[in-house]
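J.: query30.csv is reproduced in full below (CSV, C-alpha atoms).
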chain,number,residue,atom,x,y,z
A,1,ASP,CA,-47.5,44.9,21.7
A,2,LEU,CA,-47.0,46.7,25.0
A,3,VAL,CA,-48.4,49.9,26.6
A,4,VAL,CA,-46.5,52.1,29.0
A,5,LYS,CA,-48.5,54.5,31.2
A,6,ALA,CA,-47.1,57.2,33.4
A,7,GLN,CA,-48.4,56.7,37.0
A,8,VAL,CA,-49.6,60.3,37.6
A,9,LEU,CA,-52.8,61.2,39.3
A,10,ALA,CA,-54.3,63.3,36.5
A,11,GLY,CA,-56.5,62.8,33.5
A,12,GLY,CA,-55.5,63.4,29.9
A,13,ARG,CA,-52.1,61.7,30.2
A,14,GLY,CA,-52.1,60.3,26.7
A,15,LYS,CA,-52.3,63.9,25.2
A,16,GLY,CA,-50.0,65.4,27.8
A,17,HIS,CA,-46.3,66.1,27.5
A,18,PHE,CA,-43.3,66.1,29.9
A,19,SER,CA,-41.4,69.2,31.0
A,20,LYS,CA,-38.2,68.0,29.3
A,21,GLY,CA,-40.0,67.6,26.0
A,22,ALA,CA,-41.1,64.0,25.8
A,23,LYS,CA,-44.6,63.6,24.3
A,24,GLY,CA,-47.4,61.5,25.8
A,25,GLY,CA,-47.9,59.8,29.1
A,26,VAL,CA,-49.4,56.8,27.5
A,27,ARG,CA,-47.4,55.1,24.7
A,28,LEU,CA,-47.8,52.0,22.5
A,29,LEU,CA,-44.5,50.2,22.0
A,30,TYR,CA,-43.2,47.0,20.4
A,31,SER,CA,-40.0,45.9,22.1
A,32,PRO,CA,-38.4,45.8,25.6
A,33,GLU,CA,-35.8,48.3,24.4
A,34,GLU,CA,-38.5,50.8,23.4
A,35,VAL,CA,-40.2,50.2,26.8
A,36,GLU,CA,-37.0,50.9,28.6
A,37,MET,CA,-36.4,54.1,26.7
A,38,ALA,CA,-39.9,55.4,27.2
A,39,ALA,CA,-39.8,54.6,30.9
A,40,SER,CA,-36.5,56.4,31.3
A,41,ASP,CA,-38.1,59.5,29.6
A,42,MET,CA,-41.0,59.5,32.0
A,43,ILE,CA,-39.7,58.6,35.4
A,44,GLY,CA,-38.3,61.6,37.3
A,45,ASP,CA,-39.9,64.1,34.9
A,46,PHE,CA,-43.1,66.2,35.3
A,47,LEU,CA,-46.1,65.3,33.2
A,48,ILE,CA,-48.2,68.3,32.1
A,49,THR,CA,-51.8,67.7,31.2
A,50,LYS,CA,-55.0,69.8,31.0
A,51,GLN,CA,-55.6,68.8,34.6
A,52,THR,CA,-52.2,69.4,36.2
A,53,GLY,CA,-51.6,73.0,35.5
A,54,ALA,CA,-48.4,74.4,34.0
A,55,ASP,CA,-46.1,72.8,36.7
A,56,GLY,CA,-47.3,69.3,36.0
A,57,ARG,CA,-46.9,66.3,38.3
A,58,ILE,CA,-43.9,64.2,39.0
A,59,CYS,CA,-43.9,60.7,37.5
A,60,ASN,CA,-42.2,58.3,39.9
A,61,SER,CA,-43.3,55.0,38.2
A,62,VAL,CA,-44.8,53.6,35.1
A,63,MET,CA,-47.2,50.7,34.5
A,64,ILE,CA,-46.3,48.3,31.7
A,65,THR,CA,-49.1,46.1,30.3
A,66,GLU,CA,-50.2,44.0,27.4
A,67,ARG,CA,-52.1,45.8,24.6
A,68,LYS,CA,-55.7,44.8,24.3
A,69,PHE,CA,-57.5,44.9,21.0
A,70,THR,CA,-61.1,45.9,21.7
A,71,ARG,CA,-64.3,45.2,19.8
A,72,LYS,CA,-66.4,47.6,21.9
A,73,GLU,CA,-65.8,50.0,24.7
A,74,TYR,CA,-68.3,51.0,27.5
A,75,TYR,CA,-68.4,53.3,30.5
A,76,ILE,CA,-69.2,52.0,34.0
A,77,ALA,CA,-69.2,54.0,37.3
A,78,PHE,CA,-70.5,53.9,40.8
A,79,MET,CA,-70.7,57.0,42.9
A,80,ASN,CA,-72.8,58.8,45.5
A,81,GLU,CA,-75.3,61.2,44.0
A,82,ARG,CA,-77.1,63.8,46.0
A,83,SER,CA,-80.1,63.9,43.7
A,84,PHE,CA,-80.7,60.2,44.3
A,85,GLY,CA,-80.0,60.3,48.0
A,86,GLY,CA,-77.4,57.5,47.8
A,87,PRO,CA,-75.3,55.4,45.4
A,88,VAL,CA,-76.0,55.3,41.7
A,89,MET,CA,-74.6,53.2,38.9
A,90,ILE,CA,-73.9,55.2,35.7
A,91,ALA,CA,-73.3,53.2,32.5
A,92,SER,CA,-73.0,54.0,28.8
A,93,SER,CA,-72.5,52.2,25.5
A,94,GLU,CA,-70.0,54.9,24.6
A,95,GLY,CA,-66.8,54.4,26.6
A,96,GLY,CA,-63.1,55.3,26.1
A,97,VAL,CA,-63.9,59.0,25.9
A,98,ASN,CA,-64.7,61.7,28.4
A,99,ILE,CA,-68.1,61.0,29.9
A,100,GLU,CA,-68.9,64.7,30.0
A,101,GLU,CA,-68.6,64.8,26.2
A,102,VAL,CA,-71.0,61.9,25.9
A,103,ALA,CA,-73.5,63.6,28.1
A,104,GLU,CA,-73.4,66.7,25.9
A,105,LYS,CA,-73.5,64.9,22.5
A,106,ASN,CA,-75.6,61.8,23.2
A,107,PRO,CA,-77.2,61.9,26.7
A,108,ASP,CA,-79.6,59.1,25.7
A,109,SER,CA,-76.7,56.7,25.7
A,110,ILE,CA,-76.2,57.2,29.5
A,111,VAL,CA,-78.1,55.0,31.9
A,112,LYS,CA,-78.4,56.0,35.6
A,113,THR,CA,-79.6,53.3,38.1
A,114,PRO,CA,-80.2,54.4,41.7
A,115,ILE,CA,-79.2,51.7,44.3
A,116,ASP,CA,-81.0,51.2,47.6
A,117,ILE,CA,-78.1,51.3,50.1
A,118,THR,CA,-80.0,48.9,52.4
A,119,GLN,CA,-80.7,46.3,49.7
A,120,GLY,CA,-77.7,46.7,47.5
A,121,LEU,CA,-77.5,46.1,43.8
A,122,SER,CA,-79.6,43.1,42.7
A,123,LEU,CA,-78.7,40.7,39.9
A,124,SER,CA,-81.8,41.6,38.0
A,125,ALA,CA,-80.9,45.3,38.1
A,126,ALA,CA,-77.3,44.6,37.0
A,127,LYS,CA,-78.7,42.5,34.0
A,128,ASP,CA,-81.1,45.3,33.1
A,129,VAL,CA,-78.2,47.8,32.9
A,130,ALA,CA,-76.2,45.3,30.7
A,131,THR,CA,-79.2,45.0,28.4
A,132,LYS,CA,-79.6,48.8,28.1
A,133,ILE,CA,-76.0,49.5,27.1
A,134,GLY,CA,-76.2,46.8,24.4
A,135,ILE,CA,-74.4,43.8,25.9
A,136,SER,CA,-75.4,40.7,23.9
A,137,PRO,CA,-77.8,38.3,25.7
A,138,ALA,CA,-75.1,35.6,25.8
A,139,LYS,CA,-72.8,37.8,27.8
A,140,GLN,CA,-75.3,39.6,30.1
A,141,ASP,CA,-74.8,37.2,33.0
A,142,GLU,CA,-71.0,37.6,32.9
A,143,VAL,CA,-71.2,41.4,32.7
A,144,ALA,CA,-73.9,41.5,35.5
A,145,GLY,CA,-71.5,39.5,37.7
A,146,ILE,CA,-68.7,42.0,37.1
A,147,LEU,CA,-71.1,44.9,38.0
A,148,LEU,CA,-72.0,43.2,41.2
A,149,THR,CA,-68.3,42.8,42.1
A,150,LEU,CA,-67.6,46.4,41.3
A,151,TYR,CA,-70.4,47.5,43.6
A,152,ASP,CA,-69.1,45.3,46.4
A,153,LEU,CA,-65.7,47.1,45.9
A,154,PHE,CA,-67.4,50.5,46.0
A,155,LEU,CA,-69.3,49.6,49.2
A,156,ASN,CA,-66.8,47.6,51.2
A,157,LYS,CA,-63.8,49.9,50.6
A,158,ASP,CA,-65.7,53.1,51.4
A,159,ALA,CA,-65.2,54.5,47.9
A,160,SER,CA,-66.8,57.7,46.8
A,161,MET,CA,-66.3,56.8,43.2
A,162,VAL,CA,-65.3,53.7,41.2
A,163,GLU,CA,-65.1,54.6,37.5
A,164,ILE,CA,-64.1,52.1,34.7
A,165,ASN,CA,-63.4,53.8,31.4
A,166,PRO,CA,-63.2,51.9,29.2
A,167,PHE,CA,-64.9,48.7,30.3
A,168,ALA,CA,-64.3,46.7,27.1
A,169,GLU,CA,-64.9,43.5,25.2
A,170,ASP,CA,-61.6,42.4,23.7
A,171,SER,CA,-61.1,40.5,20.5
A,172,SER,CA,-61.4,37.1,22.2
A,173,GLY,CA,-64.8,38.1,23.6
A,174,LYS,CA,-63.7,38.6,27.2
A,175,PHE,CA,-64.7,41.7,29.2
A,176,VAL,CA,-61.9,43.6,30.9
A,177,CYS,CA,-61.5,46.8,32.9
A,178,LEU,CA,-58.9,48.7,30.9
A,179,ASP,CA,-58.6,51.8,33.0
A,180,ALA,CA,-60.0,52.9,36.3
A,181,LYS,CA,-60.3,55.9,38.6
A,182,LEU,CA,-61.1,55.3,42.3
A,183,ARG,CA,-61.7,57.8,45.1
A,184,PHE,CA,-62.2,57.0,48.7
A,185,ASP,CA,-63.9,58.7,51.6
A,186,ASP,CA,-61.2,60.4,53.7
A,187,ASN,CA,-63.4,59.8,56.8
A,188,ALA,CA,-62.9,56.1,56.4
A,189,ASP,CA,-59.2,56.3,56.9
A,190,PHE,CA,-59.5,54.6,60.3
A,191,ARG,CA,-61.0,51.4,58.9
A,192,GLN,CA,-59.4,51.3,55.4
A,193,LYS,CA,-55.7,51.3,56.5
A,194,GLU,CA,-54.6,49.1,53.5
A,195,VAL,CA,-56.3,51.5,51.0
A,196,PHE,CA,-54.9,54.7,52.5
A,197,SER,CA,-51.4,53.2,53.0
A,198,GLN,CA,-51.1,53.3,49.2
A,199,ARG,CA,-51.7,57.1,49.0
A,200,ASP,CA,-49.0,58.8,47.0
A,201,TRP,CA,-48.3,62.1,48.7
A,202,THR,CA,-45.9,63.1,46.0
A,203,GLN,CA,-48.9,63.6,43.7
A,204,GLU,CA,-50.5,66.2,46.0
A,205,ASP,CA,-49.8,69.9,46.8
A,206,PRO,CA,-47.1,70.0,49.5
A,207,ARG,CA,-49.1,72.6,51.4
A,208,GLU,CA,-52.1,70.3,51.5
A,209,VAL,CA,-49.9,67.5,52.7
A,210,GLU,CA,-48.5,69.6,55.5
A,211,ALA,CA,-52.0,70.6,56.5
A,212,ALA,CA,-53.1,67.0,56.6
A,213,ASN,CA,-50.4,66.3,59.1
A,214,TYR,CA,-52.4,68.5,61.5
A,215,ASN,CA,-55.8,67.1,60.5
A,216,LEU,CA,-56.7,70.2,58.6
A,217,ASN,CA,-58.2,70.6,55.1
A,218,TYR,CA,-56.3,73.1,53.0
A,219,ILE,CA,-57.3,74.1,49.5
A,220,ALA,CA,-54.8,76.2,47.5
A,221,LEU,CA,-56.2,79.1,45.5
A,222,ASP,CA,-54.8,82.0,43.5
A,223,GLY,CA,-54.2,85.3,45.2
A,224,ASP,CA,-52.8,86.3,48.5
A,225,ILE,CA,-55.8,86.4,50.8
A,226,GLY,CA,-56.5,83.4,53.1
A,227,CYS,CA,-59.8,82.3,54.4
A,228,MET,CA,-60.0,80.2,57.6
A,229,VAL,CA,-63.5,78.7,58.3
A,230,ASN,CA,-65.1,75.7,60.0
A,231,GLY,CA,-67.4,74.6,57.2
A,232,ALA,CA,-68.0,74.6,53.5
A,233,GLY,CA,-71.1,76.7,53.7
A,234,LEU,CA,-69.4,79.4,55.8
A,235,ALA,CA,-66.5,79.4,53.4
A,236,MET,CA,-68.7,80.1,50.4
A,237,ALA,CA,-70.6,82.8,52.3
A,238,THR,CA,-67.3,84.4,53.3
A,239,MET,CA,-65.8,84.3,49.8
For this file, write the structure as structure tokens.
T.:
Amino acid sequence: DLVVKAQVLAGGRGKGHFSKGAKGGVRLLYSPEEVEMAASDMIGDFLITKQTGADGRICNSVMITERKFTRKEYYIAFMNERSFGGPVMIASSEGGVNIEEVAEKNPDSIVKTPIDITQGLSLSAAKDVATKIGISPAKQDEVAGILLTLYDLFLNKDASMVEINPFAEDSSGKFVCLDAKLRFDDNADFRQKEVFSQRDWTQEDPREVEAANYNLNYIALDGDIGCMVNGAGLAMATM
């Protein structure tokens, strides 16, 4: 069994559709011929999801991977949180779905662990999170090790978010990161050349791309009035 995923920077790909009529940016297939047909439907077309707007985003490539049969799916994320004054790890026993829906329906299933930026994430804290989201005692050391590695990625690559959804235990008992969303601090461009060299400008608004060439931040909005400011606070006050 194989899975083909359209490589488009937008959520909701599985429920999306392409401008030429093809359904779904994530498909489960069973032969190389089916994979070839699905890939040809996706590449070069615009995928429209609830996050892209009516115009959609161009699909220039697809990812083909082995299907995993999961026993249990979890949610893991690292991000900077203003209310904690630094990094926080967010984990939940309910993965594979939109975390906002989980927060609304079952907020008690979400565990938030502040991380001291000077001391980092400790093994004991990682094991505590594994325990709270229901990882079996025999697997807690393994999962804690994965959490420590993910935090190292978050810290060393100047990420603003590392989200694994779902983080899953497969049918063989192994833990795998089945899908991920990563964001990086634009201010770290000068020291994260390898990361930023992979930026796909075709997935971004051409006007924002042009502005970036002049070291400007441009945000496209509806309407025909422009607002030029030198800070977010001034922008909000002006609007």
J.: Name the closest residue to Ala54 of chain A among the candidates A:Ser19, A:Gln192, A:Gln198, A:Thr118; distances are taken between atoms, counting all atoms listed in the file.
T.: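 Nearest to Ala54 of chain A: A:Ser19.
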J.: Go ahead and compute the interatomic distance for atom CA of Ala232 of chain A and atom CA of Ser160 of chain A, in Å to one decimal.
T.: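 Going from atom CA of Ala232 of chain A over to atom CA of Ser160 of chain A covers 18.2 Å.
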J.: Would you pick out the contacts of Ala168 of chain A at 6 Å or less, using only C-alpha atoms, so that residues sharing its chain but fewer than 5 positions from it are not included, and give the list as a ChimeraX atom specification?
T.: /A:72-74,175-176
J.: Could you jot down the atom CA of Gly16 of chain A to atom CA of Ile48 of chain A separation for me, Å, one decimal place?
T.: 5.5 Å
J.: Which residue, A:Leu47, A:Glu36, A:Ser109, A:Gly21, has the smallest gap to Ala6 of chain A when you use all atoms listed in the file?
T.: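 Ranking A:Leu47, A:Glu36, A:Ser109, A:Gly21 by distance to Ala6 of chain A, first place goes to A:Leu47.
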J.: Suppose you want the space between atom CA of Trp201 of chain A and atom CA of Ala180 of chain A; what is it in Å?
T.: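 A separation of 19.4 Å between them.
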J.: Near Ala10 of chain A, within 8 Å and counting all atoms listed in the file, which residues show up once chain neighbours fewer than 4 positions away are dropped, as a list in words?
T.: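 These residues fall inside the cut-off: Thr49, Gln51 and Thr52 of chain A.
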J.: From the options A:Met37, A:Met161, A:Val4, A:Val102, which residue's atoms come nearest to Met89 of chain A, counting only C-alpha atoms?
T.: A:Met161
J.: Report as a list in words all protein, DNA and RNA residues lying within 8 Å of segment 58-66 of chain A, evaluated on all atoms listed in the file, omitting residues in the same chain fewer than 4 positions from it.
T.: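 Final neighbour list, sorted by chain and number: Asp1, Leu2, Val3, Val4, Lys5, Ala6, Gln7, Val8, Ala39, Met42, Ile43, Gly44, Asp45, Phe46, Leu47, Thr202 and Gln203 of chain A.
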J.: Rank A:Glu33, A:Thr70, A:Cys177, A:Gly134 by their smallest atom-to-atom distance to Ile146 of chain A, using only C-alpha atoms, and report the top residue only.
T.: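 When distances to Ile146 of chain A are compared using only C-alpha atoms, the smallest one comes from A:Cys177.
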J.: For a cut-off of 9 Å around (-65.3, 57.4, 24.9), file coordinates, pick out all residues using only C-alpha atoms and list them as a PyMOL selection string.
T.: chain A and resi 73-75+93-99+101-102+165-166
J.: I need the residues from that last selection saved to file as a PDB file, in the frame of the given file (with C-alpha atoms), if you can.
T.:
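Listed below is the output, again.pdb:
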ATOM      1  CA  GLU A  73     -65.800  50.000  24.700  1.00  0.00           C
ATOM      2  CA  TYR A  74     -68.300  51.000  27.500  1.00  0.00           C
ATOM      3  CA  TYR A  75     -68.400  53.300  30.500  1.00  0.00           C
ATOM      4  CA  SER A  93     -72.500  52.200  25.500  1.00  0.00           C
ATOM      5  CA  GLU A  94     -70.000  54.900  24.600  1.00  0.00           C
ATOM      6  CA  GLY A  95     -66.800  54.400  26.600  1.00  0.00           C
ATOM      7  CA  GLY A  96     -63.100  55.300  26.100  1.00  0.00           C
ATOM      8  CA  VAL A  97     -63.900  59.000  25.900  1.00  0.00           C
ATOM      9  CA  ASN A  98     -64.700  61.700  28.400  1.00  0.00           C
ATOM     10  CA  ILE A  99     -68.100  61.000  29.900  1.00  0.00           C
ATOM     11  CA  GLU A 101     -68.600  64.800  26.200  1.00  0.00           C
ATOM     12  CA  VAL A 102     -71.000  61.900  25.900  1.00  0.00           C
ATOM     13  CA  ASN A 165     -63.400  53.800  31.400  1.00  0.00           C
ATOM     14  CA  PRO A 166     -63.200  51.900  29.200  1.00  0.00           C
TER      15      PRO A 166
END
J.: Do a neighbour search on segment 210-225 of chain A at 12 Å with all atoms listed in the file, toss out local chain neighbours closer than 6 positions, and write the hits as a PDB file with C-alpha atoms, keeping the file's coordinate frame.
T.:
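And here's selection_25.pdb as it stands now:
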ATOM      1  CA  ASP A 186     -61.200  60.400  53.700  1.00  0.00           C
ATOM      2  CA  ASN A 187     -63.400  59.800  56.800  1.00  0.00           C
ATOM      3  CA  ASP A 189     -59.200  56.300  56.900  1.00  0.00           C
ATOM      4  CA  TRP A 201     -48.300  62.100  48.700  1.00  0.00           C
ATOM      5  CA  THR A 202     -45.900  63.100  46.000  1.00  0.00           C
ATOM      6  CA  GLU A 204     -50.500  66.200  46.000  1.00  0.00           C
ATOM      7  CA  GLY A 231     -67.400  74.600  57.200  1.00  0.00           C
ATOM      8  CA  ALA A 232     -68.000  74.600  53.500  1.00  0.00           C
ATOM      9  CA  ALA A 235     -66.500  79.400  53.400  1.00  0.00           C
ATOM     10  CA  THR A 238     -67.300  84.400  53.300  1.00  0.00           C
ATOM     11  CA  MET A 239     -65.800  84.300  49.800  1.00  0.00           C
TER      12      MET A 239
END
J.: Skip Lys112 of chain A itself and residues of its chain fewer than 5 positions away, then list as number ranges by chain all residues within 10 Å of it, counting all atoms listed in the file.
T.: A: 77-78, 84, 88-92, 129
